[in-house]
>>> print(open('query.cif').read())   # mmCIF, C-alpha atoms
data_data
#
loop_
_atom_site.label_atom_id
_atom_site.label_comp_id
_atom_site.auth_asym_id
_atom_site.auth_seq_id
_atom_site.Cartn_x
_atom_site.Cartn_y
_atom_site.Cartn_z
CA MET U 2 7.04 9.03 20.82
CA ALA U 3 10.61 10.30 20.94
CA GLU U 4 13.03 9.15 18.28
CA ARG U 5 16.09 7.26 19.44
CA SER U 6 19.33 6.45 17.66
CA ALA U 7 19.62 2.85 16.49
CA ARG U 8 22.75 2.24 18.58
CA SER U 9 23.41 0.03 21.57
CA ASN U 10 26.36 -1.23 23.60
CA GLN U 11 24.79 -4.68 23.73
CA THR U 12 26.16 -7.58 21.67
CA VAL U 13 25.26 -11.19 20.96
CA THR U 14 27.80 -13.97 20.64
CA LEU U 15 27.65 -16.46 17.79
CA THR U 16 29.55 -19.75 18.10
CA ASP U 17 30.50 -22.00 15.19
CA ASP U 18 30.38 -25.56 16.64
CA SER U 19 32.49 -26.97 13.81
CA SER U 20 35.45 -24.67 14.40
CA GLY U 21 34.81 -23.43 17.91
CA LYS U 22 35.21 -19.86 16.68
CA THR U 23 33.04 -17.19 18.28
CA ILE U 24 32.20 -13.69 17.08
CA LYS U 25 30.34 -10.84 18.68
CA LEU U 26 27.64 -9.05 16.73
CA PRO U 27 26.36 -5.62 17.78
CA VAL U 28 22.71 -5.15 18.73
CA ALA U 29 20.82 -2.05 17.63
CA GLY U 30 17.68 -0.73 19.30
CA GLY U 31 15.20 1.64 17.77
CA SER U 32 12.74 3.95 19.53
CA ALA U 33 10.18 1.09 19.53
CA GLY U 34 9.86 -2.49 18.35
CA PRO U 35 12.25 -5.44 18.59
CA GLN U 36 16.00 -4.96 18.78
CA VAL U 37 18.00 -6.08 15.76
CA ILE U 38 21.26 -7.97 15.39
CA ASP U 39 23.63 -6.18 13.02
CA VAL U 40 24.91 -8.93 10.70
CA ARG U 41 26.63 -6.70 8.13
CA LYS U 42 30.08 -8.06 9.01
CA LEU U 43 28.94 -11.66 9.44
CA TYR U 44 30.15 -12.86 6.03
CA ALA U 45 33.50 -11.09 6.31
CA GLU U 46 34.19 -12.67 9.70
CA THR U 47 32.65 -16.12 9.24
CA GLY U 48 32.15 -16.71 5.52
CA MET U 49 28.44 -17.35 6.22
CA PHE U 50 25.19 -15.56 5.37
CA THR U 51 21.87 -15.58 7.19
CA PHE U 52 18.95 -17.44 5.56
CA ASP U 53 15.59 -15.67 5.80
CA PRO U 54 13.13 -16.38 2.95
CA GLY U 55 10.81 -13.43 2.46
CA PHE U 56 12.99 -11.33 4.81
CA THR U 57 10.35 -11.79 7.53
CA SER U 58 13.00 -11.66 10.28
CA THR U 59 15.32 -9.14 8.65
CA ALA U 60 15.36 -5.35 8.99
CA SER U 61 16.40 -4.11 5.55
CA CYS U 62 16.69 -0.45 6.53
CA GLU U 63 16.42 2.11 9.31
CA SER U 64 13.29 4.24 9.06
CA ARG U 65 11.52 7.00 10.99
CA ILE U 66 8.28 7.03 9.01
CA THR U 67 5.84 4.33 10.14
CA PHE U 68 5.68 1.93 13.08
CA ILE U 69 3.41 -1.09 13.58
CA ASP U 70 2.89 -2.92 16.85
CA GLY U 71 1.06 -6.00 15.66
CA ASP U 72 0.40 -7.41 19.13
CA ALA U 73 -1.09 -4.17 20.43
CA GLY U 74 -2.94 -3.43 17.18
CA GLU U 75 -1.23 -0.06 16.75
CA LEU U 76 -0.21 1.88 13.64
CA LEU U 77 1.74 5.14 13.92
CA TYR U 78 2.58 7.67 11.20
CA ARG U 79 5.63 9.61 12.43
CA GLY U 80 4.51 8.81 15.99
CA TYR U 81 0.85 9.81 15.54
CA SER U 82 -1.84 7.17 16.02
CA ILE U 83 -3.80 6.35 12.87
CA ASP U 84 -6.99 6.46 14.96
CA GLU U 85 -6.44 10.09 15.95
CA LEU U 86 -5.30 11.12 12.49
CA ALA U 87 -8.36 9.56 10.86
CA GLU U 88 -10.65 11.20 13.40
CA HIS U 89 -9.21 14.72 13.35
CA SER U 90 -7.10 15.13 10.18
CA ASP U 91 -7.37 14.50 6.46
CA PHE U 92 -5.25 12.94 3.73
CA MET U 93 -3.34 16.14 2.97
CA ASP U 94 -2.32 16.35 6.63
CA CYS U 95 -1.03 12.77 6.40
CA CYS U 96 0.83 13.45 3.16
CA TYR U 97 2.63 16.44 4.64
CA LEU U 98 3.38 14.49 7.83
CA LEU U 99 4.81 11.46 6.02
CA LEU U 100 6.94 13.63 3.73
CA ASN U 101 8.19 16.17 6.29
CA GLY U 102 8.03 14.46 9.68
CA GLU U 103 5.65 16.95 11.31
CA LEU U 104 2.02 17.93 10.94
CA PRO U 105 1.63 21.23 9.04
CA ASN U 106 0.44 24.48 10.56
CA ARG U 107 -2.34 26.40 8.82
CA GLU U 108 0.00 28.29 6.47
CA GLN U 109 2.09 25.22 5.59
CA LYS U 110 -1.00 23.15 4.84
CA ALA U 111 -2.52 25.82 2.60
CA LYS U 112 0.71 26.08 0.62
CA PHE U 113 1.05 22.29 0.38
CA GLU U 114 -2.54 21.85 -0.80
CA TRP U 115 -2.02 24.60 -3.40
CA ASN U 116 1.11 22.88 -4.71
CA ILE U 117 -0.62 19.49 -4.96
CA SER U 118 -3.79 20.83 -6.60
CA HIS U 119 -1.72 22.73 -9.18
CA HIS U 120 0.24 19.63 -10.21
CA THR U 121 -2.78 17.41 -10.91
CA MET U 122 -2.97 17.86 -14.68
CA LEU U 123 -1.08 15.47 -16.95
CA HIS U 124 1.00 16.43 -19.95
CA GLU U 125 -1.60 16.46 -22.74
CA GLN U 126 0.41 14.04 -24.88
CA MET U 127 0.09 11.40 -22.17
CA ALA U 128 -3.57 10.99 -23.13
CA PHE U 129 -2.38 9.30 -26.31
CA LEU U 130 -0.73 6.55 -24.24
CA TYR U 131 -4.13 5.28 -23.15
CA ARG U 132 -5.16 4.61 -26.75
CA GLY U 133 -2.41 2.01 -26.98
CA PHE U 134 -4.21 -0.20 -24.45
CA ARG U 135 -7.19 -2.40 -25.17
CA ARG U 136 -10.43 -1.13 -23.68
CA ASP U 137 -10.65 -4.21 -21.47
CA ALA U 138 -7.10 -3.88 -20.15
CA HIS U 139 -6.86 -4.15 -16.37
CA PRO U 140 -6.48 -0.63 -14.92
CA MET U 141 -3.40 -1.75 -12.96
CA ALA U 142 -1.69 -2.65 -16.24
CA VAL U 143 -2.46 0.85 -17.47
CA MET U 144 -1.16 2.36 -14.22
CA VAL U 145 2.17 0.54 -14.47
CA GLY U 146 2.66 1.69 -18.05
CA VAL U 147 1.57 5.31 -17.67
CA VAL U 148 3.41 5.97 -14.40
CA GLY U 149 6.60 4.45 -15.82
CA ALA U 150 6.20 6.67 -18.88
CA MET U 151 6.16 9.84 -16.76
CA SER U 152 9.95 9.81 -16.81
CA ALA U 153 9.71 10.47 -20.57
CA PHE U 154 7.68 13.65 -19.98
CA TYR U 155 9.03 15.27 -16.81
CA HIS U 156 12.77 15.56 -17.40
CA ASP U 157 13.17 18.38 -14.90
CA SER U 158 12.59 16.10 -11.88
CA LEU U 159 14.76 13.05 -12.62
CA ASP U 160 17.98 14.01 -10.79
CA ILE U 161 17.70 12.05 -7.55
CA ASN U 162 20.70 13.89 -6.08
CA ASP U 163 18.94 17.28 -6.28
CA PRO U 164 16.63 17.80 -3.25
CA HIS U 165 14.49 20.30 -5.18
CA GLN U 166 13.95 17.89 -8.07
CA ARG U 167 13.08 15.12 -5.62
CA MET U 168 10.48 17.41 -4.02
CA VAL U 169 8.98 18.30 -7.41
CA ALA U 170 8.85 14.61 -8.40
CA SER U 171 7.21 13.77 -5.05
CA TYR U 172 4.53 16.43 -5.49
CA ARG U 173 3.90 15.35 -9.07
CA MET U 174 3.46 11.72 -8.12
CA ILE U 175 1.00 12.46 -5.29
CA ALA U 176 -0.92 15.00 -7.38
CA LYS U 177 -1.12 13.15 -10.68
CA MET U 178 -1.82 9.62 -9.46
CA PRO U 179 -5.59 10.23 -8.99
CA THR U 180 -5.72 11.76 -12.48
CA ILE U 181 -3.93 8.76 -14.01
CA ALA U 182 -6.21 6.35 -12.13
CA ALA U 183 -9.43 8.14 -13.09
CA MET U 184 -8.33 8.30 -16.73
CA ALA U 185 -7.71 4.55 -16.71
CA TYR U 186 -11.28 4.05 -15.48
CA LYS U 187 -12.81 6.46 -17.98
CA TYR U 188 -10.90 4.83 -20.82
CA SER U 189 -12.28 1.40 -19.90
CA LEU U 190 -15.82 2.83 -20.13
CA GLY U 191 -15.25 4.68 -23.37
CA GLN U 192 -16.14 7.96 -21.65
CA PRO U 193 -14.30 11.29 -22.07
CA PHE U 194 -11.50 12.07 -19.65
CA MET U 195 -12.48 14.56 -16.95
CA TYR U 196 -9.86 17.17 -16.13
CA PRO U 197 -8.97 17.89 -12.48
CA ARG U 198 -10.56 20.86 -10.72
CA ASN U 199 -8.27 23.00 -8.55
CA GLU U 200 -11.09 24.16 -6.25
CA LEU U 201 -11.85 20.61 -5.11
CA LYS U 202 -10.17 18.76 -2.26
CA TYR U 203 -8.02 15.71 -3.05
CA ALA U 204 -10.66 12.98 -2.56
CA GLU U 205 -13.41 15.16 -4.04
CA ASN U 206 -11.29 15.77 -7.12
CA PHE U 207 -10.69 12.06 -7.59
CA MET U 208 -14.37 11.22 -7.32
CA HIS U 209 -15.26 14.01 -9.73
CA MET U 210 -12.80 12.71 -12.32
CA MET U 211 -14.16 9.18 -11.80
CA PHE U 212 -17.89 9.83 -11.99
CA ALA U 213 -18.56 13.15 -13.70
CA VAL U 214 -19.34 13.48 -17.43
CA PRO U 215 -19.18 16.62 -19.61
CA ALA U 216 -22.90 16.47 -20.43
CA GLU U 217 -24.08 17.42 -16.95
CA SER U 218 -22.93 18.84 -13.63
CA TYR U 219 -21.79 16.47 -10.87
CA LYS U 220 -21.82 17.26 -7.17
CA VAL U 221 -19.60 15.17 -4.95
CA ASN U 222 -21.39 13.73 -1.92
CA PRO U 223 -19.44 14.99 1.17
CA VAL U 224 -20.04 11.75 3.12
CA LEU U 225 -18.62 9.66 0.27
CA ALA U 226 -15.73 12.06 -0.23
CA LYS U 227 -14.86 11.82 3.47
CA ALA U 228 -14.97 8.02 3.24
CA MET U 229 -12.63 8.07 0.25
CA ASP U 230 -10.30 10.47 2.08
CA ARG U 231 -10.15 8.03 5.01
CA ILE U 232 -9.44 5.12 2.68
CA PHE U 233 -6.49 7.14 1.34
CA MET U 234 -5.29 7.97 4.88
CA LEU U 235 -5.49 4.41 6.18
CA HIS U 236 -3.56 3.00 3.21
CA ALA U 237 -0.94 5.76 2.97
CA ASP U 238 1.94 3.73 4.43
CA HIS U 239 2.50 0.45 6.22
CA GLU U 240 6.17 -0.06 7.06
CA GLN U 241 8.36 -2.24 4.83
CA ASN U 242 5.66 -4.22 3.03
CA ALA U 243 6.28 -5.91 -0.32
CA SER U 244 5.54 -2.91 -2.57
CA THR U 245 7.40 -0.43 -0.36
CA SER U 246 10.40 -2.74 -0.26
CA THR U 247 10.18 -2.97 -4.04
CA VAL U 248 10.25 0.82 -4.37
CA ARG U 249 13.28 1.01 -2.08
CA LEU U 250 15.04 -1.83 -3.93
CA ALA U 251 14.46 -0.20 -7.32
CA GLY U 252 15.52 3.15 -5.93
CA SER U 253 18.73 1.71 -4.48
CA SER U 254 20.06 1.30 -8.02
CA GLY U 255 19.60 5.02 -8.68
CA ALA U 256 16.51 4.56 -10.86
CA ASN U 257 14.37 7.65 -11.44
CA PRO U 258 11.41 8.17 -9.06
CA PHE U 259 8.73 7.43 -11.66
CA ALA U 260 10.31 4.07 -12.50
CA CYS U 261 10.51 3.23 -8.79
CA ILE U 262 6.82 3.99 -8.19
CA ALA U 263 5.85 1.99 -11.29
CA ALA U 264 7.75 -0.96 -9.78
CA GLY U 265 5.80 -0.52 -6.55
CA ILE U 266 2.51 -0.53 -8.45
CA ALA U 267 3.49 -3.75 -10.22
CA CYS U 268 4.21 -5.40 -6.87
CA LEU U 269 0.99 -4.09 -5.32
CA TRP U 270 -0.96 -5.69 -8.16
CA GLY U 271 -0.33 -9.14 -6.69
CA PRO U 272 -3.40 -10.74 -5.09
CA SER U 273 -1.47 -11.47 -1.88
CA HIS U 274 -0.81 -7.75 -1.41
CA GLY U 275 -3.09 -5.14 -2.94
CA GLY U 276 -5.83 -7.45 -4.12
CA ALA U 277 -7.15 -8.41 -0.68
CA ASN U 278 -10.22 -6.14 -0.72
CA GLU U 279 -11.07 -7.43 -4.18
CA ALA U 280 -10.86 -10.97 -2.80
CA VAL U 281 -13.43 -10.03 -0.13
CA LEU U 282 -16.01 -9.17 -2.79
CA HIS U 283 -15.26 -12.40 -4.68
CA MET U 284 -15.84 -14.32 -1.42
CA LEU U 285 -19.17 -12.58 -0.83
CA GLN U 286 -20.25 -13.39 -4.38
CA GLU U 287 -19.29 -17.01 -3.77
CA ILE U 288 -21.40 -17.17 -0.57
CA GLY U 289 -24.31 -15.79 -2.55
CA SER U 290 -26.91 -14.98 0.12
CA VAL U 291 -27.41 -14.43 3.85
CA GLU U 292 -28.89 -17.92 4.26
CA HIS U 293 -25.58 -19.47 3.18
CA VAL U 294 -23.42 -17.64 5.75
CA PRO U 295 -23.65 -20.30 8.53
CA GLU U 296 -22.73 -23.08 6.09
CA PHE U 297 -19.84 -21.03 4.71
CA LEU U 298 -18.44 -20.36 8.19
CA LYS U 299 -18.80 -24.05 9.02
CA ARG U 300 -16.56 -24.83 6.04
CA VAL U 301 -14.07 -22.18 7.18
CA LYS U 302 -13.79 -23.89 10.57
CA ASP U 303 -13.28 -27.34 9.01
CA LYS U 304 -9.53 -27.99 9.02
CA ASN U 305 -9.98 -30.44 6.15
CA ASP U 306 -11.64 -27.78 3.98
CA THR U 307 -9.60 -25.24 2.01
CA THR U 308 -12.25 -22.51 2.26
CA ARG U 309 -10.77 -19.23 3.54
CA LEU U 310 -12.43 -16.31 5.26
CA MET U 311 -11.15 -13.28 3.33
CA GLY U 312 -10.96 -9.87 4.97
CA PHE U 313 -10.51 -11.25 8.50
CA GLY U 314 -7.24 -11.37 10.41
CA HIS U 315 -3.91 -9.89 9.29
CA ARG U 316 -0.37 -11.17 8.88
CA VAL U 317 1.06 -8.33 10.98
CA TYR U 318 -1.76 -7.47 13.38
CA LYS U 319 -2.34 -10.19 15.98
CA ASN U 320 -5.12 -8.09 17.47
CA PHE U 321 -7.79 -5.92 15.86
CA ASP U 322 -6.48 -4.04 12.82
CA PRO U 323 -6.54 -0.39 14.03
CA ARG U 324 -7.47 0.78 10.53
CA ALA U 325 -10.50 -1.55 10.57
CA LYS U 326 -12.02 0.25 13.56
CA VAL U 327 -12.03 3.49 11.58
CA MET U 328 -13.27 1.79 8.42
CA GLN U 329 -16.07 0.04 10.32
CA ARG U 330 -17.56 3.37 11.41
CA THR U 331 -17.03 4.85 7.97
CA CYS U 332 -18.62 1.84 6.29
CA HIS U 333 -21.85 2.21 8.25
CA GLU U 334 -21.88 5.99 7.62
CA VAL U 335 -21.67 5.33 3.85
CA LEU U 336 -24.35 2.63 3.89
CA ASP U 337 -26.67 4.89 5.91
CA GLU U 338 -26.05 7.81 3.55
CA LEU U 339 -26.77 5.75 0.44
CA GLY U 340 -29.57 3.70 1.96
CA VAL U 341 -28.26 0.52 0.34
CA LYS U 342 -28.13 -1.81 3.34
CA GLU U 343 -30.72 -4.00 1.67
CA GLU U 344 -28.58 -4.45 -1.45
CA PRO U 345 -27.99 -8.25 -1.39
CA LEU U 346 -24.18 -8.28 -1.38
CA LEU U 347 -23.87 -5.51 1.20
CA LYS U 348 -26.56 -7.07 3.38
CA LEU U 349 -24.61 -10.32 3.18
CA ALA U 350 -21.40 -8.57 4.23
CA MET U 351 -23.05 -7.03 7.28
CA GLU U 352 -24.49 -10.39 8.33
CA LEU U 353 -21.10 -12.06 7.92
CA GLU U 354 -19.53 -9.35 10.09
CA ARG U 355 -22.23 -9.76 12.78
CA ILE U 356 -21.97 -13.55 13.02
CA ALA U 357 -18.17 -13.67 12.90
CA LEU U 358 -17.76 -11.05 15.65
CA GLN U 359 -20.05 -13.07 17.93
CA ASP U 360 -18.41 -16.43 17.21
CA ASP U 361 -15.91 -17.62 19.84
CA TYR U 362 -14.00 -19.58 17.18
CA PHE U 363 -12.94 -16.38 15.43
CA ALA U 364 -12.57 -14.33 18.61
CA GLN U 365 -10.18 -16.86 20.17
CA ARG U 366 -8.06 -16.80 17.01
CA LYS U 367 -8.28 -13.00 16.84
CA LEU U 368 -9.75 -13.20 13.35
CA TYR U 369 -11.42 -9.81 13.35
CA PRO U 370 -12.51 -7.94 10.20
CA ASN U 371 -9.55 -6.06 8.75
CA VAL U 372 -9.34 -2.86 6.72
CA ASP U 373 -9.76 -4.74 3.44
CA PHE U 374 -13.15 -6.13 4.53
CA TYR U 375 -14.65 -2.70 5.13
CA SER U 376 -12.90 -0.78 2.35
CA GLY U 377 -14.14 -3.33 -0.19
CA ILE U 378 -17.72 -2.89 1.01
CA ILE U 379 -17.42 0.91 0.95
CA MET U 380 -16.08 1.01 -2.58
CA ARG U 381 -18.75 -1.43 -3.73
CA ALA U 382 -21.43 0.83 -2.22
CA ILE U 383 -19.96 3.94 -3.85
CA GLY U 384 -20.10 2.24 -7.24
CA ILE U 385 -16.41 1.58 -7.84
CA PRO U 386 -15.84 -1.59 -9.88
CA LEU U 387 -13.68 -4.44 -8.59
CA SER U 388 -10.96 -3.76 -11.15
CA MET U 389 -10.37 -0.32 -9.58
CA PHE U 390 -9.98 -1.49 -5.97
CA THR U 391 -6.22 -2.07 -6.17
CA VAL U 392 -5.80 1.10 -8.23
CA ILE U 393 -7.25 3.14 -5.37
CA PHE U 394 -4.85 1.36 -3.03
CA ALA U 395 -2.01 2.52 -5.31
CA VAL U 396 -3.28 6.11 -5.28
CA ALA U 397 -3.29 6.07 -1.47
CA ARG U 398 0.07 4.31 -1.05
CA THR U 399 1.93 6.65 -3.43
CA VAL U 400 2.73 9.14 -0.66
CA GLY U 401 4.16 6.34 1.49
CA TRP U 402 6.28 5.07 -1.38
CA VAL U 403 7.53 8.58 -2.09
CA ALA U 404 8.34 9.25 1.57
CA GLN U 405 10.20 5.94 1.89
CA TRP U 406 12.06 6.56 -1.39
CA ASN U 407 13.17 10.02 -0.22
CA GLU U 408 14.32 8.62 3.13
CA MET U 409 16.34 5.93 1.35
CA ILE U 410 18.04 8.48 -0.94
CA GLU U 411 19.04 10.60 2.06
CA ASP U 412 20.30 7.62 4.10
CA PRO U 413 24.14 7.73 4.25
CA ASN U 414 24.19 3.95 4.86
CA GLN U 415 22.10 3.19 1.76
CA LYS U 416 23.58 0.67 -0.66
CA ILE U 417 22.26 -1.01 -3.76
CA GLY U 418 20.05 -3.92 -2.75
CA ARG U 419 21.78 -7.25 -3.27
CA PRO U 420 20.17 -10.17 -1.38
CA ARG U 421 22.22 -13.34 -1.09
CA GLN U 422 21.05 -16.90 -1.72
CA LEU U 423 21.36 -20.47 -0.50
CA TYR U 424 22.47 -22.25 -3.67
CA THR U 425 21.19 -25.84 -4.02
CA GLY U 426 21.84 -26.42 -7.75
CA ALA U 427 24.42 -28.54 -9.56
CA LEU U 428 28.12 -28.22 -8.89
CA ARG U 429 30.58 -27.44 -11.69
CA ARG U 430 30.23 -29.96 -14.51
CA PRO U 431 32.31 -30.61 -17.62
CA TYR U 432 30.83 -29.25 -20.82
CA LEU U 433 29.67 -31.90 -23.31
CA PRO U 434 29.68 -31.26 -27.06
CA LEU U 435 26.30 -31.77 -28.75
CA HIS U 436 27.19 -35.15 -30.25
CA GLN U 437 28.08 -36.57 -26.79
CA ARG U 438 24.83 -35.61 -25.06
CA ARG U 439 22.09 -38.17 -24.46
#
>>> encode(input="query.cif", output="structure tokens")
Amino acid sequence: MAERSARSNQTVTLTDDSSGKTIKLPVAGGSAGPQVIDVRKLYAETGMFTFDPGFTSTASCESRITFIDGDAGELLYRGYSIDELAEHSDFMDCCYLLLNGELPNREQKAKFEWNISHHTMLHEQMAFLYRGFRRDAHPMAVMVGVVGAMSAFYHDSLDINDPHQRMVASYRMIAKMPTIAAMAYKYSLGQPFMYPRNELKYAENFMHMMFAVPAESYKVNPVLAKAMDRIFMLHADHEQNASTSTVRLAGSSGANPFACIAAGIACLWGPSHGGANEAVLHMLQEIGSVEHVPEFLKRVKDKNDTTRLMGFGHRVYKNFDPRAKVMQRTCHEVLDELGVKEEPLLKLAMELERIALQDDYFAQRKLYPNVDFYSGIIMRAIGIPLSMFTVIFAVARTVGWVAQWNEMIEDPNQKIGRPRQLYTGALRRPYLPLHQRR
């Protein structure tokens, strides 16, 4: 898909009925997606702002990284379909693509993988940070704290105006995030931290740090490693979602990259964002058994019942989530490899998928299983606890956050984020001394 400048000769006319005044606002068109009305001069010319809670109808930036067509069920990284990338590439390919705009050749990929694998170790003093947390602390709380603290250890990559330092910070974030995540998990178990291994691929290295122990050798299952790699690929970036917007907003103030990513992790922690696959497992536990699936779906269909079907449908995709198609195949590969289809919760999930896909009620409403439904099942089968689900999302999304942050820094039109408001509070009131107040 060719890139196109966000310029257009088209305008829209806005008329103020109270004054009869009209103004013309320019219209910008990207290489794909809806056109946008440029309202930057609206306040200067009319004294009015636009009102858009949640910014659901507002383009906050111009970007060349990721494009979603929700109606067509399409997700593109730098113009490449996520389906093709997941089928033929790996996470390192996606990282290079998101950061640099093009897929790497053989030499570029080898160099990139070398750089990432040789940045995976943490400063040894950072291990002491973990001891400050309770053993039962949520891993996302640990992630926010440790990632934010990286700015206290890596002073040579804090200058956001130096392209080289930005590159070093980007590599460090992508490389060290799996190490930080695995250490959070090991700390919660009371097990020794496992150091990264440079000879292992990215997903293999993460799984080794998660599941290996010093007392015996651990061999990473290639089917499970491939599944984890695909989970990373499918969650790498997703346009201007809440956490990505948070990273950009924090970065617009000139904050260092580690602080910006820590802000993104904090936003991702919310159950309406990164906790969706965790909610799927909670739903399955609530259903309890295969026999209860029909009754549960009956409650979902009842408009007077508040029961929700988690892991089906998507706010952006009005068709099948393209990532879910890849995850569906991967899910069944993992279950076949592990031979756990008869495990009660996983058997329940497969039955729920089967019934829902055959039910006209869900088909007519385009409520198909999304990526969270399948990724939750995969991670459950691999043996990853619920508390780590969102952490793995954060590991995957780091490259997207970093790419978006870099793009924002290099954008000549970038300004510090400063949303406006519709004030509905009290007007100016006279101050009353304490003895006059009732």
>>> atom_distance(input="query.cif", atom1="CA of Leu358 in chain U", atom2="CA of Lys302 in chain U")
14.4 Å
>>> atom_distance(input="query.cif", atom1="CA of Arg65 in chain U", atom2="CA of Trp402 in chain U")
13.6 Å
>>> residues_around(input="query.cif", residues="range 412-416 of chain U", least_positions_apart="4", cutoff="9 Å", atoms="all atoms listed in the file", output="VMD selection string")
chain U and resid 62 to 63 253 to 254 407 to 408
>>> resolve_selection(input="query.cif", expression="the PyMOL selection byres ((chain U and resi 44-57) around 10)", output="PyMOL selection string")
chain U and resi 15+17+22-25+40-43+58-61+242-243+420-423
>>> write_last_selection(input="query.cif", atoms="C-alpha atoms", output="compact mmCIF listing (two decimals), in the coordinates of the input")
# COMPACT_ATOMS: atom_id res chain seq x y z
CA LEU U 15 27.65 -16.46 17.79
CA ASP U 17 30.50 -22.00 15.19
CA LYS U 22 35.21 -19.86 16.68
CA THR U 23 33.04 -17.19 18.28
CA ILE U 24 32.20 -13.69 17.08
CA LYS U 25 30.34 -10.84 18.68
CA VAL U 40 24.91 -8.93 10.70
CA ARG U 41 26.63 -6.70 8.13
CA LYS U 42 30.08 -8.06 9.01
CA LEU U 43 28.94 -11.66 9.44
CA SER U 58 13.00 -11.66 10.28
CA THR U 59 15.32 -9.14 8.65
CA ALA U 60 15.36 -5.35 8.99
CA SER U 61 16.40 -4.11 5.55
CA ASN U 242 5.66 -4.22 3.03
CA ALA U 243 6.28 -5.91 -0.32
CA PRO U 420 20.17 -10.17 -1.38
CA ARG U 421 22.22 -13.34 -1.09
CA GLN U 422 21.05 -16.90 -1.72
CA LEU U 423 21.36 -20.47 -0.50
>>> atom_distance(input="query.cif", atom1="CA of Asp160 in chain U", atom2="CA of Glu108 in chain U")
28.7 Å
>>> closest_residue(input="query.cif", among="U:Gln126, U:Ser246, U:Asn101, U:Asn371", to="Tyr155 in chain U", atoms="only C-alpha atoms")
U:Gln126
>>> resolve_selection(input="query.cif", expression="the PyMOL selection byres ((chain U and resi 228) around 10)", output="ChimeraX atom specification")
/U:204,223-227,229-234,327-328,330-332,334-335,376,379-380,383
>>> resolve_selection(input="query.cif", expression="the PyMOL selection byres ((chain U and resi 297-300) around 12)", output="number ranges by chain")
U: 284-296, 301-311, 349, 352-354, 356-358, 360, 362-363
>>> closest_residue(input="query.cif", among="U:Ala260, U:Met93, U:Leu269, U:Val147", to="Ala170 in chain U", atoms="all atoms listed in the file")
U:Ala260
>>> closest_residue(input="query.cif", among="U:Asn206, U:Ser64, U:Asn222, U:Gln405", to="Ala182 in chain U", atoms="only C-alpha atoms")
U:Asn206
